[in-house]
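Novice: Could you have a look at this structure, given as structure tokens, before my questions?
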Number of protein chains: 2
Amino acid sequence: MPHPLIPVVSRPGDEYFVAGDVRERTDASRNRLLILRSAQELIAERGVSCLTMDALAEKAGVGKGTIFRRFGSRSGLMTALLDHSERDFQQCLLSGPPPLGPGAPALERLLAYGRAIVERFELTGELQQAADAQGWRLFAVPARLFQHQHVAMLLRAGGCRGDAELLAHTLMAGLEPRLLHYQLKDANITTERVVENWNFMVRAVLPTPP
Amino acid sequence: MPHPLIPVVSRPGDEYFVAGDVRERTDASRNRLLILRSAQELIAERGVSCLTMDALAEKAGVGKGTIFRRFGSRSGLMTALLDHSERDFQQCLLSGPPPLGPGAPALERLLAYGRAIVERFELTGELQQAADAQGWRLFAVPARLFQHQHVAMLLRAGGCRGDAELLAHTLMAGLEPRLLHYQLKDANITTERVVENWNFMVRAVLPTPP
DNA sequence: AGAGTAAACGGACTGCAGTCCGTTTATATT
DNA sequence: AATATAAACGGACTGCAGTCCGTTTACTCT
């Protein structure tokens, strides 16, 4: 089902394409860029929700089949559009400056993580929601798995006594794009309050420092 | 936008229809039952994901417009199908036997709530996910608001020191159908482990009893 | 360079959710 | 019983995601 050339986001350092050696044909590469660039333009003009695959195909000057061959689905396309931002973010977690990156205590890093996610939502939330769609395999997506591992690791490093793997799921569920959208856009809850709540949860779950 | 006759689930005791006095026309009522019954049959035969609105219209012997007039959307229909189960559940929370209902300490009631949600997922999870669809107004739905209020109330009653309203969101996010589906069906995590994790979170968030 | 081939292409086609609007009908009123 | 009217009805229609498959094309091998 996953086409070998569908772009993915796993860890920084991974190659952009799943299939190891196969080189991307030049026409394929040209069209990929055309499609992504056109998509960004259309989104800039009319917003994510107005982006139809037909319109995109026309604007990019390619057949609709080409888009689907490459990105698999509308949400696959959105995922690809998020790719750069996601890689940057992963890079920050892995080797950026503390407290987001390594070098700070686990607790601090978790707090920074929550704030970063909320702030990132302000920028890319609409895309994130569109990338969600169809969602019950959302959790098996590389970007998601990476972040889950990261949070679970920090929880363990912080000396958490619970089930780090599941706790990471639960905590992260509180930062889901859909929930953030509801809280920030519909329920008029401030960013700061959301971040504070995350901080509270994290502290509640980690043992209090001596 | 919400049609006056769209069935909702708010609190037990509310009337089934939003509009106060307007009586449902007899043909409307007959068709509503026809549609719901046919939907249940089709789902029993082929599963939720195979239920198309066209097939349903044909089986129920009504026009497709009639279905949409009444239920608004596919997920509205699913919500209506969940209605009974939801009402029963709400009833249990409000006036059932402890620890789910009143009479037990807040902590116990929260633990029971988590277990009940997970167990309910086993029965109605597929429907819940279908009712989700399109979801970023999911959180404004009556059934959801009710449960949110309930959990927030228990958190306050339990002496929680954080932001009860937001904590309720976050905790409940860990019991979302999509996440449960991933954990229980895809990741092969046991029910018991999920429940244990909920218990851990709830205990972490409430002050330890003396 | 020329042939062979695997991959990419494109756009007509399918299936489904959701809309629109002219028609029908249940109920209230006289 | 006849009339009025607001509500309900139904199915053709639209728009969009996603598929299919015959055609084209970029590379490889000789």
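Residue numbers start at 1 in each chain; chains themselves are named A, B, ... in the order of the structure tokens; ligands are numbered from 1 in the order shown.
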Would you list the contacts of C:DA17 as a PyMOL selection string, taking every protein, DNA or RNA residue within 12 Å and counting only C-alpha atoms (C1' of nucleotides), but skipping same-chain residues closer than 4 positions in sequence?
Specialist: (chain B and resi 51-54+64-65+67-68+72-75+134) or (chain D and resi 14-17)
Novice: Would you list the contacts of stretch 20-25 of chain C as number ranges by chain, taking every protein, DNA or RNA residue within 9 Å and counting only C-alpha atoms (C1' of nucleotides), but skipping same-chain residues closer than 5 positions in sequence?
Specialist: B: 27; D: 7-10, 13
Novice: For chain C, report every residue with an atom at most 8 Å from chain B (counting only C-alpha atoms (C1' of nucleotides)), formatted as a list of chain:residue names.
Specialist: C:DC16, C:DA17, C:DG18, C:DA26
Novice: Report the closest atom pair, with its distance in Å rounded to one decimal, for each residue of chain D that has an atom no farther than 9 Å from chain A; count only C-alpha atoms (C1' of nucleotides), sort by chain and then rising residue number, and write it as CSV.
Specialist:
```
residue,atom,partner,partner_atom,distance
D:DC16,C1',A:Thr52,CA,7.2
D:DA17,C1',A:Arg74,CA,7.7
D:DG18,C1',A:Ser73,CA,7.5
D:DT19,C1',A:Gly65,CA,8.5
D:DT25,C1',A:Asp27,CA,8.7
D:DA26,C1',A:Arg25,CA,6.7
D:DC27,C1',A:Arg25,CA,8.0
```
Novice: Which residues, written as a ChimeraX atom specification, have at least one atom at most 10 Å from C:DG10, with only C-alpha atoms (C1' of nucleotides) counted and residues fewer than 4 positions away on the same chain left out?
Specialist: /A:57,62-66 /D:23-24
Novice: Output C-alpha atoms (C1' of nucleotides) for every residue in that selection, as an mmCIF file, in the first residue's frame.
Specialist:
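To be explicit, this is the file written out as part.cif:
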```cif
data_model
loop_
_atom_site.group_PDB
_atom_site.id
_atom_site.type_symbol
_atom_site.label_atom_id
_atom_site.label_comp_id
_atom_site.auth_asym_id
_atom_site.auth_seq_id
_atom_site.Cartn_x
_atom_site.Cartn_y
_atom_site.Cartn_z
ATOM 1 C CA ALA A 57 -3.560 19.094 -10.437
ATOM 2 C CA VAL A 62 -0.037 17.435 -13.868
ATOM 3 C CA GLY A 63 -2.654 14.717 -13.872
ATOM 4 C CA LYS A 64 -4.535 13.961 -10.709
ATOM 5 C CA GLY A 65 -3.251 10.410 -10.824
ATOM 6 C CA THR A 66 0.257 11.758 -10.485
ATOM 7 C "C1'" DT D 23 -0.098 5.726 -23.035
ATOM 8 C "C1'" DT D 24 4.272 8.029 -22.585
#
```
Novice: Compute the set of chain A residues within 10 Å of chain B, using only C-alpha atoms, and express it as a PyMOL selection string.
Specialist: chain A and resi 129+133-140+161-183+186-187+189+193-194+196-207
Novice: Please identify all polymer residues within 10 Å of D:DC20, counting only C-alpha atoms (C1' of nucleotides), omitting same-chain residues fewer than 2 positions from it, and present them as a tab-separated table (two decimals) with all heavy atoms, in the first residue's frame.
Specialist:
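What follows is the written file out.tsv:
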```
chain	number	residue	atom	x	y	z
A	65	GLY	N	-3.86	11.69	-11.15
A	65	GLY	CA	-3.25	10.41	-10.82
A	65	GLY	C	-1.84	10.57	-10.31
A	65	GLY	O	-1.38	9.86	-9.41
C	12	DA	P	-10.83	13.64	-19.70
C	12	DA	OP1	-10.24	14.11	-20.96
C	12	DA	OP2	-11.54	14.58	-18.82
C	12	DA	O5'	-11.77	12.39	-20.00
C	12	DA	C5'	-11.22	11.23	-20.63
C	12	DA	C4'	-11.70	9.96	-19.93
C	12	DA	O4'	-10.97	9.73	-18.72
C	12	DA	C3'	-13.18	9.98	-19.53
C	12	DA	O3'	-13.68	8.65	-19.68
C	12	DA	C2'	-13.11	10.39	-18.07
C	12	DA	C1'	-11.87	9.64	-17.63
C	12	DA	N9	-11.18	10.18	-16.46
C	12	DA	C8	-10.92	11.50	-16.20
C	12	DA	N7	-10.27	11.71	-15.07
C	12	DA	C5	-10.09	10.43	-14.56
C	12	DA	C6	-9.47	9.95	-13.39
C	12	DA	N6	-8.89	10.75	-12.49
C	12	DA	N1	-9.47	8.62	-13.17
C	12	DA	C2	-10.05	7.82	-14.08
C	12	DA	N3	-10.66	8.15	-15.22
C	12	DA	C4	-10.65	9.48	-15.40
C	13	DC	P	-15.22	8.29	-19.42
C	13	DC	OP1	-15.58	7.28	-20.43
C	13	DC	OP2	-15.97	9.56	-19.28
C	13	DC	O5'	-15.21	7.56	-18.00
C	13	DC	C5'	-14.28	6.48	-17.78
C	13	DC	C4'	-14.45	5.96	-16.36
C	13	DC	O4'	-13.63	6.77	-15.46
C	13	DC	C3'	-15.89	6.04	-15.81
C	13	DC	O3'	-16.27	4.75	-15.33
C	13	DC	C2'	-15.83	7.09	-14.71
C	13	DC	C1'	-14.35	7.06	-14.30
C	13	DC	N1	-13.85	8.35	-13.76
C	13	DC	C2	-13.13	8.36	-12.57
C	13	DC	O2	-12.90	7.29	-12.00
C	13	DC	N3	-12.67	9.55	-12.09
C	13	DC	C4	-12.93	10.68	-12.73
C	13	DC	N4	-12.45	11.81	-12.21
C	13	DC	C5	-13.67	10.69	-13.93
C	13	DC	C6	-14.12	9.52	-14.42
C	14	DT	P	-17.71	4.55	-14.66
C	14	DT	OP1	-18.21	3.24	-15.10
C	14	DT	OP2	-18.51	5.77	-14.88
C	14	DT	O5'	-17.36	4.44	-13.13
C	14	DT	C5'	-16.32	3.55	-12.70
C	14	DT	C4'	-16.26	3.59	-11.18
C	14	DT	O4'	-15.64	4.84	-10.77
C	14	DT	C3'	-17.63	3.52	-10.52
C	14	DT	O3'	-17.57	2.59	-9.45
C	14	DT	C2'	-17.87	4.97	-10.06
C	14	DT	C1'	-16.45	5.47	-9.81
C	14	DT	N1	-16.26	6.93	-9.96
C	14	DT	C2	-15.58	7.60	-8.98
C	14	DT	O2	-15.14	7.07	-7.99
C	14	DT	N3	-15.43	8.95	-9.20
C	14	DT	C4	-15.89	9.66	-10.30
C	14	DT	O4	-15.69	10.87	-10.39
C	14	DT	C5	-16.59	8.90	-11.29
C	14	DT	C7	-17.13	9.57	-12.50
C	14	DT	C6	-16.74	7.58	-11.08
D	22	DG	P	-6.23	-1.23	-20.47
D	22	DG	OP1	-7.56	-1.83	-20.59
D	22	DG	OP2	-5.05	-2.08	-20.17
D	22	DG	O5'	-5.93	-0.37	-21.79
D	22	DG	C5'	-6.80	0.71	-22.15
D	22	DG	C4'	-5.97	1.91	-22.56
D	22	DG	O4'	-5.32	2.49	-21.40
D	22	DG	C3'	-4.86	1.60	-23.57
D	22	DG	O3'	-4.78	2.68	-24.50
D	22	DG	C2'	-3.63	1.51	-22.68
D	22	DG	C1'	-3.93	2.58	-21.64
D	22	DG	N9	-3.23	2.42	-20.37
D	22	DG	C8	-3.08	1.26	-19.64
D	22	DG	N7	-2.42	1.45	-18.53
D	22	DG	C5	-2.11	2.80	-18.52
D	22	DG	C6	-1.41	3.59	-17.56
D	22	DG	O6	-0.91	3.22	-16.50
D	22	DG	N1	-1.34	4.91	-17.95
D	22	DG	C2	-1.86	5.43	-19.11
D	22	DG	N2	-1.68	6.73	-19.31
D	22	DG	N3	-2.53	4.71	-20.01
D	22	DG	C4	-2.61	3.41	-19.65
```
Novice: So which residues of stretch 12-91 of chain B fall under alpha helix (DSSP H) by DSSP, listed as a ChimeraX atom specification?
Specialist: /B:26-46,53-60,64-71,74-91
Novice: Report as a PyMOL selection string: the residues of stretch 10-147 of chain A with a DSSP assignment of strand (DSSP E or B), based on the backbone of this structure.
Specialist: chain A and resi 12+14+17+102+104
Novice: Using atom CA of A:Asn31 and atom CA of A:Leu77 as the two end points, give the distance in Å to one decimal.
Specialist: 13.2 Å
Novice: For atom CA of A:Leu42 and atom CA of A:Phe89, determine how far apart the two atoms are, in Å to one decimal place.
Specialist: 24.5 Å
Novice: Mind pulling up the distance from atom CA of B:Val195 to atom CA of B:Phe121?
Specialist: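 These atoms are spaced 12.1 Å apart.
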Novice: Excluding A:Leu127 and its own-chain neighbours fewer than 4 positions away, which residues fall within 10 Å of it when counting only C-alpha atoms (C1' of nucleotides)? Please give them as an MDAnalysis selection string.
Specialist: chainID A and resid 43 47:49 75 77:79 81:82 121 123 131:132 177
